[in-house]
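File shown: query-v4.cif. Contents: mmCIF, C-alpha atoms.
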```
data_start
loop_
_atom_site.label_atom_id
_atom_site.label_comp_id
_atom_site.auth_asym_id
_atom_site.auth_seq_id
_atom_site.Cartn_x
_atom_site.Cartn_y
_atom_site.Cartn_z
CA MET A 1180 -2.42 -19.94 -4.76
CA ASP A 1181 -0.97 -16.97 -2.89
CA VAL A 1182 1.91 -16.36 -5.29
CA PHE A 1183 3.08 -13.26 -3.46
CA GLY A 1184 2.97 -15.07 -0.13
CA GLU A 1185 5.10 -17.91 -1.50
CA ALA A 1186 7.79 -15.45 -2.56
CA LEU A 1187 7.75 -13.86 0.90
CA LYS A 1188 8.05 -17.26 2.58
CA ASP A 1189 11.07 -18.17 0.49
CA GLN A 1190 12.75 -14.86 1.17
CA PHE A 1191 12.17 -15.33 4.90
CA THR A 1192 13.16 -18.98 5.22
CA LYS A 1193 15.79 -19.54 2.53
CA PRO A 1194 16.90 -16.25 0.96
CA PRO A 1195 17.24 -15.09 -1.65
CA ALA A 1196 13.85 -15.81 -3.16
CA GLU A 1197 13.63 -16.47 -6.87
CA THR A 1198 12.49 -13.68 -9.19
CA LEU A 1199 9.04 -12.28 -8.48
CA TRP A 1200 7.50 -10.89 -11.64
CA VAL A 1201 4.75 -8.30 -11.68
CA HIS A 1202 2.63 -8.32 -14.83
CA ASN A 1203 0.69 -5.13 -15.50
CA SER A 1204 -1.96 -3.82 -17.86
CA TYR A 1205 0.14 -0.99 -19.30
CA ASP A 1206 3.65 -2.30 -20.09
CA GLU A 1207 6.03 -5.24 -19.98
CA PRO A 1208 6.34 -7.37 -16.80
CA GLU A 1209 8.68 -5.96 -14.16
CA GLU A 1210 10.92 -7.71 -11.67
CA MET A 1211 10.08 -6.98 -8.03
CA PRO A 1212 12.95 -7.51 -5.59
CA VAL A 1213 11.40 -9.50 -2.72
CA ASP A 1214 13.98 -8.30 -0.20
CA ILE A 1215 12.49 -4.79 -0.43
CA TYR A 1216 9.67 -5.97 1.83
CA PHE A 1217 12.16 -6.89 4.56
CA ARG A 1218 13.77 -3.46 4.88
CA ASN A 1219 14.85 -2.06 8.21
CA GLU A 1220 14.39 1.58 9.18
CA ALA A 1221 17.79 2.63 7.87
CA GLU A 1222 16.91 1.28 4.41
CA MET A 1223 13.58 3.07 4.10
CA PRO A 1224 13.23 6.11 1.80
CA GLU A 1225 12.50 9.57 3.13
CA LEU A 1226 8.83 9.41 2.14
CA GLU A 1227 8.23 6.31 4.26
CA LEU A 1228 10.12 7.71 7.24
CA LYS A 1229 8.02 10.88 7.09
CA ALA A 1230 4.89 8.73 7.01
CA LEU A 1231 5.99 6.87 10.12
CA ASP A 1232 6.66 10.19 11.85
CA LEU A 1233 3.06 11.26 11.15
CA CYS A 1234 1.57 8.27 12.96
CA LYS A 1235 -0.22 8.87 16.24
CA GLY A 1236 -2.22 6.88 18.75
CA LYS A 1237 -3.42 3.40 17.90
CA VAL A 1238 -2.18 2.46 14.42
CA LEU A 1239 -3.35 -0.04 11.81
CA ASP A 1240 -0.75 -0.72 9.12
CA VAL A 1241 -2.90 -1.83 6.18
CA GLY A 1242 -1.30 -4.11 3.61
CA ALA A 1243 1.60 -4.46 6.02
CA GLY A 1244 3.33 -7.23 4.10
CA VAL A 1245 5.89 -8.79 6.42
CA GLY A 1246 5.52 -5.95 8.92
CA SER A 1247 8.60 -3.84 8.28
CA HIS A 1248 6.89 -0.50 8.91
CA ALA A 1249 4.80 -1.83 11.79
CA LEU A 1250 7.92 -3.18 13.48
CA VAL A 1251 9.51 0.28 13.40
CA LEU A 1252 6.40 1.74 15.00
CA GLN A 1253 6.30 -1.03 17.61
CA LYS A 1254 9.92 -0.29 18.49
CA ARG A 1255 8.94 3.37 18.94
CA GLY A 1256 6.33 2.32 21.48
CA PHE A 1257 3.17 2.49 19.38
CA ASN A 1258 0.15 0.24 19.81
CA VAL A 1259 0.32 -0.99 16.22
CA THR A 1260 -1.41 -3.79 14.36
CA GLY A 1261 -0.28 -5.12 10.99
CA MET A 1262 -2.99 -6.27 8.58
CA ASP A 1263 -2.54 -8.17 5.35
CA ILE A 1264 -4.73 -10.28 3.11
CA SER A 1265 -1.90 -12.80 2.70
CA ALA A 1266 -1.81 -15.53 5.38
CA PRO A 1267 1.93 -16.24 4.86
CA ALA A 1268 2.68 -12.52 5.25
CA VAL A 1269 0.78 -12.41 8.56
CA GLN A 1270 2.63 -15.48 9.82
CA ILE A 1271 5.98 -13.92 8.92
CA MET A 1272 5.01 -10.68 10.71
CA LYS A 1273 4.45 -12.67 13.87
CA GLN A 1274 7.69 -14.61 13.45
CA ARG A 1275 9.56 -11.33 13.00
CA GLY A 1276 8.25 -10.17 16.36
CA LEU A 1277 5.17 -8.10 15.62
CA LYS A 1278 2.88 -8.53 18.60
CA GLN A 1279 -0.38 -7.76 16.78
CA ALA A 1280 -0.89 -9.09 13.26
CA ILE A 1281 -4.19 -10.00 11.62
CA GLU A 1282 -5.25 -11.51 8.32
CA GLY A 1283 -7.96 -9.34 6.83
CA ASN A 1284 -9.28 -7.02 4.15
CA ILE A 1285 -9.68 -3.36 5.10
CA LEU A 1286 -12.63 -3.07 2.70
CA THR A 1287 -14.68 -5.42 4.90
CA TYR A 1288 -13.00 -4.96 8.29
CA LYS A 1289 -15.22 -3.75 11.18
CA ASP A 1290 -13.66 -5.01 14.42
CA GLN A 1291 -11.74 -2.09 15.96
CA LYS A 1292 -11.22 1.64 15.65
CA PHE A 1293 -7.86 3.36 15.25
CA ASP A 1294 -6.27 6.80 15.36
CA THR A 1295 -4.09 6.23 12.28
CA LEU A 1296 -4.64 4.05 9.24
CA LEU A 1297 -1.32 3.71 7.45
CA PHE A 1298 -0.99 2.54 3.83
CA MET A 1299 2.58 2.29 2.54
CA MET A 1300 4.00 1.42 -0.89
CA ASN A 1301 0.91 2.71 -2.72
CA GLY A 1302 -1.26 0.59 -0.46
CA ILE A 1303 -4.30 2.84 -0.91
CA GLY A 1304 -4.37 1.38 -4.41
CA LEU A 1305 -6.21 -1.66 -3.11
CA THR A 1306 -9.42 0.37 -3.48
CA GLY A 1307 -9.00 -0.46 -7.17
CA SER A 1308 -10.77 2.36 -8.99
CA ILE A 1309 -12.10 5.88 -8.64
CA PRO A 1310 -15.54 4.61 -7.53
CA GLY A 1311 -13.80 2.20 -5.15
CA LEU A 1312 -11.67 4.95 -3.63
CA LYS A 1313 -14.68 7.24 -3.33
CA ALA A 1314 -16.69 4.56 -1.51
CA PHE A 1315 -13.74 3.76 0.74
CA LEU A 1316 -13.31 7.38 1.82
CA THR A 1317 -16.90 7.33 3.06
CA GLN A 1318 -16.85 3.88 4.65
CA VAL A 1319 -13.46 4.09 6.36
CA LYS A 1320 -14.53 6.90 8.69
CA THR A 1321 -16.26 4.25 10.80
CA LEU A 1322 -12.83 2.75 11.59
CA LEU A 1323 -11.31 5.97 12.93
CA ASN A 1324 -11.56 7.51 16.35
CA PRO A 1325 -12.37 11.26 16.60
CA GLY A 1326 -9.38 13.17 15.26
CA GLY A 1327 -8.21 10.12 13.32
CA GLN A 1328 -6.23 10.20 10.08
CA LEU A 1329 -5.37 8.35 6.90
CA VAL A 1330 -1.67 8.41 5.94
CA PHE A 1331 -0.66 7.04 2.55
CA ASP A 1332 1.44 7.54 -0.54
CA SER A 1333 0.39 7.36 -4.17
CA SER A 1334 1.68 8.33 -7.60
CA ASP A 1335 0.62 10.31 -10.64
CA LEU A 1336 0.81 7.92 -13.61
CA SER A 1337 0.26 10.58 -16.25
CA TYR A 1338 3.95 10.24 -17.19
CA LEU A 1339 3.10 6.87 -18.76
CA TYR A 1340 1.05 8.68 -21.39
CA GLN A 1341 3.57 11.17 -22.69
CA GLU A 1342 3.79 9.36 -26.02
CA ILE A 1343 0.49 7.48 -26.08
CA PRO A 1344 -3.09 8.69 -25.62
CA PHE A 1345 -4.83 8.54 -22.27
CA PRO A 1346 -7.28 5.65 -21.88
CA SER A 1347 -10.63 6.38 -23.48
CA ASN A 1348 -12.47 4.47 -20.77
CA GLY A 1349 -11.90 5.04 -17.08
CA TYR A 1350 -9.31 6.98 -15.08
CA PHE A 1351 -5.70 6.78 -16.29
CA GLY A 1352 -4.46 5.66 -12.87
CA GLU A 1353 -6.63 2.52 -12.83
CA VAL A 1354 -4.44 -0.47 -13.67
CA SER A 1355 -4.35 -4.24 -13.19
CA PHE A 1356 -1.57 -6.47 -11.85
CA ARG A 1357 -0.79 -10.13 -11.38
CA TYR A 1358 2.18 -11.80 -9.68
CA GLU A 1359 4.27 -14.59 -11.17
CA TYR A 1360 6.63 -16.68 -9.05
CA LYS A 1361 8.37 -19.91 -10.03
CA SER A 1362 6.35 -19.88 -13.28
CA ILE A 1363 3.07 -19.82 -11.35
CA LYS A 1364 0.81 -16.87 -12.09
CA GLY A 1365 -1.71 -15.47 -9.65
CA ASN A 1366 -5.03 -13.89 -10.50
CA TRP A 1367 -5.29 -10.40 -11.93
CA PHE A 1368 -6.30 -7.72 -9.43
CA LYS A 1369 -7.24 -4.06 -9.82
CA TRP A 1370 -5.16 -1.22 -8.40
CA ILE A 1371 -5.32 2.55 -8.52
CA TYR A 1372 -2.72 5.30 -8.45
CA VAL A 1373 -4.37 8.66 -7.89
CA ASP A 1374 -2.94 12.07 -8.79
CA GLN A 1375 -2.99 14.81 -6.19
CA LYS A 1376 -5.75 16.97 -7.69
CA THR A 1377 -8.09 14.02 -8.14
CA LEU A 1378 -7.42 12.87 -4.59
CA ILE A 1379 -8.04 16.33 -3.12
CA ASP A 1380 -11.32 16.67 -5.05
CA LEU A 1381 -12.56 13.20 -4.05
CA ALA A 1382 -11.55 13.71 -0.43
CA LYS A 1383 -13.25 17.10 -0.22
CA ALA A 1384 -16.47 15.65 -1.61
CA SER A 1385 -16.37 13.04 1.17
CA GLY A 1386 -15.69 15.56 3.93
CA TRP A 1387 -11.93 15.08 4.25
CA THR A 1388 -9.17 17.67 4.37
CA THR A 1389 -6.06 16.67 2.43
CA GLU A 1390 -2.49 17.72 3.22
CA ILE A 1391 0.29 16.86 0.80
CA ILE A 1392 3.15 16.26 3.20
CA PHE A 1393 5.98 15.33 0.85
CA GLU A 1394 6.82 14.85 -2.82
CA ASP A 1395 9.80 12.75 -3.86
CA GLY A 1396 10.36 14.42 -7.23
CA GLN A 1397 9.49 11.21 -9.08
CA ASP A 1398 5.70 11.58 -9.28
CA GLN A 1399 5.20 10.01 -5.84
CA TYR A 1400 3.74 11.91 -2.89
CA LEU A 1401 2.71 11.43 0.73
CA ALA A 1402 -0.74 12.55 1.88
CA ARG A 1403 -2.52 12.90 5.19
CA LEU A 1404 -6.33 13.01 5.27
CA THR A 1405 -8.35 14.18 8.28
CA PHE A 1406 -12.01 14.96 8.79
#
```

Would you mind writing the file's structure down as structure tokens?
Amino acid sequence: MDVFGEALKDQFTKPPAETLWVHNSYDEPEEMPVDIYFRNEAEMPELELKALDLCKGKVLDVGAGVGSHALVLQKRGFNVTGMDISAPAVQIMKQRGLKQAIEGNILTYKDQKFDTLLFMMNGIGLTGSIPGLKAFLTQVKTLLNPGGQLVFDSSDLSYLYQEIPFPSNGYFGEVSFRYEYKSIKGNWFKWIYVDQKTLIDLAKASGWTTEIIFEDGQDQYLARLTF
């Protein structure tokens, strides 16, 4: 069952949705406000607005959710496509007025090329691990036109380990999540949050140049990668 998609459907059709819980591998479950996915431009934080300002050309919003960022870009006149792995999310994008919305997984997608690949709300984390991110940085070049770019935000999770030791196995930013909605739990999935130095080193090894565009002062940053 697409637990996340069910929460989005409820928020769209009969708000407010019930509590969406996010279980994680490092702490207690956290409540995720579902309405955050339905933000308009005025409600978006500075980091996300700066990311939208960086977009150019033909844009693919990866992990677009219900299309909030893609809709802003469409209103600005961009040729933008929203992609999500959740079928309900894609349906809602279309119902909200996004002209181009596709159900798909960027890790296996091969259909079109773009000038900007946009990943918001730590969306680059879908690569799941350091090896996964490394492989993605090589593979994704085939989806970009000459002069293309990756634009995404991520976070440094080292603050979680101020009072406990770093994991003995694997990178400290590799975590696992599962959603719970209406007492139904989805499957666990892997996610990664990558610190700036690690990102820059990985990107350089794969032929990318990294620019850190913005830092929000709370361990989150916005990056642009070009090659």

| request: Using all atoms listed in the file, determine which residues lie at most 9 Å from Ser1265 (chain A), disregarding the query and same-chain residues fewer than 5 positions distant; provide the list as a PyMOL selection string. | output: chain A and resi 1181+1183-1184+1242+1244+1270+1282-1283

| query | Can you tell me, as a list of chain:residue names, what residues are no more than 8 Å from region 1351-1356 of chain A when counting all atoms listed in the file, ignoring any on the same chain fewer than 5 positions away? | reply |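 So, after excluding close chain neighbours, the residues are A:Val1201, A:His1202, A:Asn1203, A:Ser1204, A:Tyr1205, A:Gly1307, A:Ser1308, A:Ile1309, A:Asp1335, A:Leu1336, A:Ser1337, A:Phe1345, A:Pro1346, A:Trp1367, A:Phe1368, A:Lys1369, A:Trp1370, A:Ile1371, A:Tyr1372, A:Val1373, A:Asp1374.
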
| query | Any idea what the distance is between CA of Gly1246 (chain A) and CA of Gly1261 (chain A)? | reply |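 Atom-to-atom, CA of Gly1246 (chain A) and CA of Gly1261 (chain A) are spaced 6.2 Å apart.
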
Kindly provide, as AutoDock Vina command-line options, the centre and edge lengths (Å, one decimal) of an axis-aligned box around all atoms of region 1246-1258 of chain A given in the file, with 6 Å on each side.
```
--center_x 5.0 --center_y -1.3 --center_z 14.9 --size_x 21.8 --size_y 21.3 --size_z 25.2
```

| query | What does the distance from CA of Gly1386 (chain A) to CA of Leu1226 (chain A) come to in Å, to one decimal? | reply |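 According to the coordinates, CA of Gly1386 (chain A) and CA of Leu1226 (chain A) are separated by 25.3 Å.
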
| request: For the file shown, report as a ChimeraX atom specification the outcome of the PyMOL selection byres ((chain A and resi 1212-1219) around 10) at residue level. | output: /A:1183,1186-1191,1194-1200,1209-1211,1220-1223,1243-1248,1250-1251,1275,1300

Print the selection's residues with C-alpha atoms to a file, as a PDB file, in the frame of the given file.
```
ATOM      1  CA  PHE A1183       3.080 -13.260  -3.460  1.00  0.00           C
ATOM      2  CA  ALA A1186       7.790 -15.450  -2.560  1.00  0.00           C
ATOM      3  CA  LEU A1187       7.750 -13.860   0.900  1.00  0.00           C
ATOM      4  CA  LYS A1188       8.050 -17.260   2.580  1.00  0.00           C
ATOM      5  CA  ASP A1189      11.070 -18.170   0.490  1.00  0.00           C
ATOM      6  CA  GLN A1190      12.750 -14.860   1.170  1.00  0.00           C
ATOM      7  CA  PHE A1191      12.170 -15.330   4.900  1.00  0.00           C
ATOM      8  CA  PRO A1194      16.900 -16.250   0.960  1.00  0.00           C
ATOM      9  CA  PRO A1195      17.240 -15.090  -1.650  1.00  0.00           C
ATOM     10  CA  ALA A1196      13.850 -15.810  -3.160  1.00  0.00           C
ATOM     11  CA  GLU A1197      13.630 -16.470  -6.870  1.00  0.00           C
ATOM     12  CA  THR A1198      12.490 -13.680  -9.190  1.00  0.00           C
ATOM     13  CA  LEU A1199       9.040 -12.280  -8.480  1.00  0.00           C
ATOM     14  CA  TRP A1200       7.500 -10.890 -11.640  1.00  0.00           C
ATOM     15  CA  GLU A1209       8.680  -5.960 -14.160  1.00  0.00           C
ATOM     16  CA  GLU A1210      10.920  -7.710 -11.670  1.00  0.00           C
ATOM     17  CA  MET A1211      10.080  -6.980  -8.030  1.00  0.00           C
ATOM     18  CA  GLU A1220      14.390   1.580   9.180  1.00  0.00           C
ATOM     19  CA  ALA A1221      17.790   2.630   7.870  1.00  0.00           C
ATOM     20  CA  GLU A1222      16.910   1.280   4.410  1.00  0.00           C
ATOM     21  CA  MET A1223      13.580   3.070   4.100  1.00  0.00           C
ATOM     22  CA  ALA A1243       1.600  -4.460   6.020  1.00  0.00           C
ATOM     23  CA  GLY A1244       3.330  -7.230   4.100  1.00  0.00           C
ATOM     24  CA  VAL A1245       5.890  -8.790   6.420  1.00  0.00           C
ATOM     25  CA  GLY A1246       5.520  -5.950   8.920  1.00  0.00           C
ATOM     26  CA  SER A1247       8.600  -3.840   8.280  1.00  0.00           C
ATOM     27  CA  HIS A1248       6.890  -0.500   8.910  1.00  0.00           C
ATOM     28  CA  LEU A1250       7.920  -3.180  13.480  1.00  0.00           C
ATOM     29  CA  VAL A1251       9.510   0.280  13.400  1.00  0.00           C
ATOM     30  CA  ARG A1275       9.560 -11.330  13.000  1.00  0.00           C
ATOM     31  CA  MET A1300       4.000   1.420  -0.890  1.00  0.00           C
TER      32      MET A1300
END
```

| query | Mind telling me what the PyMOL selection byres ((chain A and resi 1403) around 9) catches here, as a ChimeraX atom specification? | reply | /A:1230,1233,1328-1332,1388-1392,1401-1402,1404-1405

Reconstruct all heavy atoms of region 1308-1319 of chain A; output as a PDB file, in the frame of the given file.
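part36.pdb written:
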```pdb
ATOM      1  N   SER A1308     -10.195   1.500  -7.959  1.00  0.00           N
ATOM      2  CA  SER A1308     -10.770   2.360  -8.990  1.00  0.00           C
ATOM      3  C   SER A1308     -11.221   3.667  -8.342  1.00  0.00           C
ATOM      4  O   SER A1308     -11.260   3.785  -7.117  1.00  0.00           O
ATOM      5  CB  SER A1308     -11.986   1.683  -9.646  1.00  0.00           C
ATOM      6  OG  SER A1308     -13.025   1.494  -8.689  1.00  0.00           O
ATOM      7  N   ILE A1309     -11.577   4.629  -9.171  1.00  0.00           N
ATOM      8  CA  ILE A1309     -12.100   5.880  -8.640  1.00  0.00           C
ATOM      9  C   ILE A1309     -13.387   5.646  -7.832  1.00  0.00           C
ATOM     10  O   ILE A1309     -13.506   6.129  -6.693  1.00  0.00           O
ATOM     11  CB  ILE A1309     -12.326   6.915  -9.760  1.00  0.00           C
ATOM     12  CG1 ILE A1309     -10.969   7.412 -10.310  1.00  0.00           C
ATOM     13  CG2 ILE A1309     -13.148   8.098  -9.249  1.00  0.00           C
ATOM     14  CD1 ILE A1309     -10.142   8.215  -9.326  1.00  0.00           C
ATOM     15  N   PRO A1310     -14.356   4.892  -8.351  1.00  0.00           N
ATOM     16  CA  PRO A1310     -15.540   4.610  -7.530  1.00  0.00           C
ATOM     17  C   PRO A1310     -15.189   3.856  -6.250  1.00  0.00           C
ATOM     18  O   PRO A1310     -15.780   4.107  -5.190  1.00  0.00           O
ATOM     19  CB  PRO A1310     -16.422   3.759  -8.453  1.00  0.00           C
ATOM     20  CG  PRO A1310     -16.007   4.141  -9.829  1.00  0.00           C
ATOM     21  CD  PRO A1310     -14.536   4.397  -9.738  1.00  0.00           C
ATOM     22  N   GLY A1311     -14.221   2.946  -6.334  1.00  0.00           N
ATOM     23  CA  GLY A1311     -13.800   2.200  -5.150  1.00  0.00           C
ATOM     24  C   GLY A1311     -13.163   3.091  -4.102  1.00  0.00           C
ATOM     25  O   GLY A1311     -13.434   2.951  -2.902  1.00  0.00           O
ATOM     26  N   LEU A1312     -12.316   4.012  -4.543  1.00  0.00           N
ATOM     27  CA  LEU A1312     -11.670   4.950  -3.630  1.00  0.00           C
ATOM     28  C   LEU A1312     -12.710   5.879  -3.009  1.00  0.00           C
ATOM     29  O   LEU A1312     -12.679   6.155  -1.798  1.00  0.00           O
ATOM     30  CB  LEU A1312     -10.599   5.748  -4.364  1.00  0.00           C
ATOM     31  CG  LEU A1312      -9.886   6.829  -3.556  1.00  0.00           C
ATOM     32  CD1 LEU A1312      -9.215   6.248  -2.315  1.00  0.00           C
ATOM     33  CD2 LEU A1312      -8.844   7.551  -4.431  1.00  0.00           C
ATOM     34  N   LYS A1313     -13.629   6.343  -3.823  1.00  0.00           N
ATOM     35  CA  LYS A1313     -14.680   7.240  -3.330  1.00  0.00           C
ATOM     36  C   LYS A1313     -15.518   6.554  -2.252  1.00  0.00           C
ATOM     37  O   LYS A1313     -15.786   7.132  -1.193  1.00  0.00           O
ATOM     38  CB  LYS A1313     -15.567   7.675  -4.502  1.00  0.00           C
ATOM     39  CG  LYS A1313     -16.622   8.701  -4.136  1.00  0.00           C
ATOM     40  CD  LYS A1313     -17.390   9.136  -5.378  1.00  0.00           C
ATOM     41  CE  LYS A1313     -18.453  10.164  -5.027  1.00  0.00           C
ATOM     42  NZ  LYS A1313     -19.215  10.595  -6.234  1.00  0.00           N
ATOM     43  N   ALA A1314     -15.902   5.314  -2.492  1.00  0.00           N
ATOM     44  CA  ALA A1314     -16.690   4.560  -1.510  1.00  0.00           C
ATOM     45  C   ALA A1314     -15.887   4.323  -0.237  1.00  0.00           C
ATOM     46  O   ALA A1314     -16.412   4.409   0.878  1.00  0.00           O
ATOM     47  CB  ALA A1314     -17.149   3.241  -2.119  1.00  0.00           C
ATOM     48  N   PHE A1315     -14.603   4.032  -0.410  1.00  0.00           N
ATOM     49  CA  PHE A1315     -13.740   3.760   0.740  1.00  0.00           C
ATOM     50  C   PHE A1315     -13.617   4.986   1.632  1.00  0.00           C
ATOM     51  O   PHE A1315     -13.651   4.872   2.862  1.00  0.00           O
ATOM     52  CB  PHE A1315     -12.364   3.314   0.254  1.00  0.00           C
ATOM     53  CG  PHE A1315     -11.376   3.096   1.357  1.00  0.00           C
ATOM     54  CD1 PHE A1315     -11.461   1.977   2.167  1.00  0.00           C
ATOM     55  CD2 PHE A1315     -10.361   4.012   1.594  1.00  0.00           C
ATOM     56  CE1 PHE A1315     -10.557   1.773   3.191  1.00  0.00           C
ATOM     57  CE2 PHE A1315      -9.453   3.814   2.619  1.00  0.00           C
ATOM     58  CZ  PHE A1315      -9.552   2.691   3.418  1.00  0.00           C
ATOM     59  N   LEU A1316     -13.472   6.157   1.029  1.00  0.00           N
ATOM     60  CA  LEU A1316     -13.310   7.380   1.820  1.00  0.00           C
ATOM     61  C   LEU A1316     -14.546   7.681   2.670  1.00  0.00           C
ATOM     62  O   LEU A1316     -14.443   8.345   3.701  1.00  0.00           O
ATOM     63  CB  LEU A1316     -12.995   8.563   0.897  1.00  0.00           C
ATOM     64  CG  LEU A1316     -11.610   8.548   0.261  1.00  0.00           C
ATOM     65  CD1 LEU A1316     -11.457   9.708  -0.719  1.00  0.00           C
ATOM     66  CD2 LEU A1316     -10.516   8.589   1.315  1.00  0.00           C
ATOM     67  N   THR A1317     -15.691   7.195   2.251  1.00  0.00           N
ATOM     68  CA  THR A1317     -16.900   7.330   3.060  1.00  0.00           C
ATOM     69  C   THR A1317     -16.947   6.263   4.141  1.00  0.00           C
ATOM     70  O   THR A1317     -17.160   6.549   5.321  1.00  0.00           O
ATOM     71  CB  THR A1317     -18.144   7.245   2.171  1.00  0.00           C
ATOM     72  OG1 THR A1317     -18.124   8.321   1.228  1.00  0.00           O
ATOM     73  CG2 THR A1317     -19.412   7.333   3.001  1.00  0.00           C
ATOM     74  N   GLN A1318     -16.713   5.021   3.740  1.00  0.00           N
ATOM     75  CA  GLN A1318     -16.850   3.880   4.650  1.00  0.00           C
ATOM     76  C   GLN A1318     -15.798   3.865   5.755  1.00  0.00           C
ATOM     77  O   GLN A1318     -16.076   3.520   6.906  1.00  0.00           O
ATOM     78  CB  GLN A1318     -16.771   2.579   3.834  1.00  0.00           C
ATOM     79  CG  GLN A1318     -16.599   1.308   4.644  1.00  0.00           C
ATOM     80  CD  GLN A1318     -15.163   0.797   4.613  1.00  0.00           C
ATOM     81  OE1 GLN A1318     -14.483   0.918   3.596  1.00  0.00           O
ATOM     82  NE2 GLN A1318     -14.696   0.236   5.718  1.00  0.00           N
ATOM     83  N   VAL A1319     -14.576   4.273   5.425  1.00  0.00           N
ATOM     84  CA  VAL A1319     -13.460   4.090   6.360  1.00  0.00           C
ATOM     85  C   VAL A1319     -13.564   5.001   7.589  1.00  0.00           C
ATOM     86  O   VAL A1319     -12.924   4.737   8.613  1.00  0.00           O
ATOM     87  CB  VAL A1319     -12.118   4.313   5.637  1.00  0.00           C
ATOM     88  CG1 VAL A1319     -11.863   5.802   5.377  1.00  0.00           C
ATOM     89  CG2 VAL A1319     -10.963   3.695   6.414  1.00  0.00           C
TER      90      VAL A1319
END
```
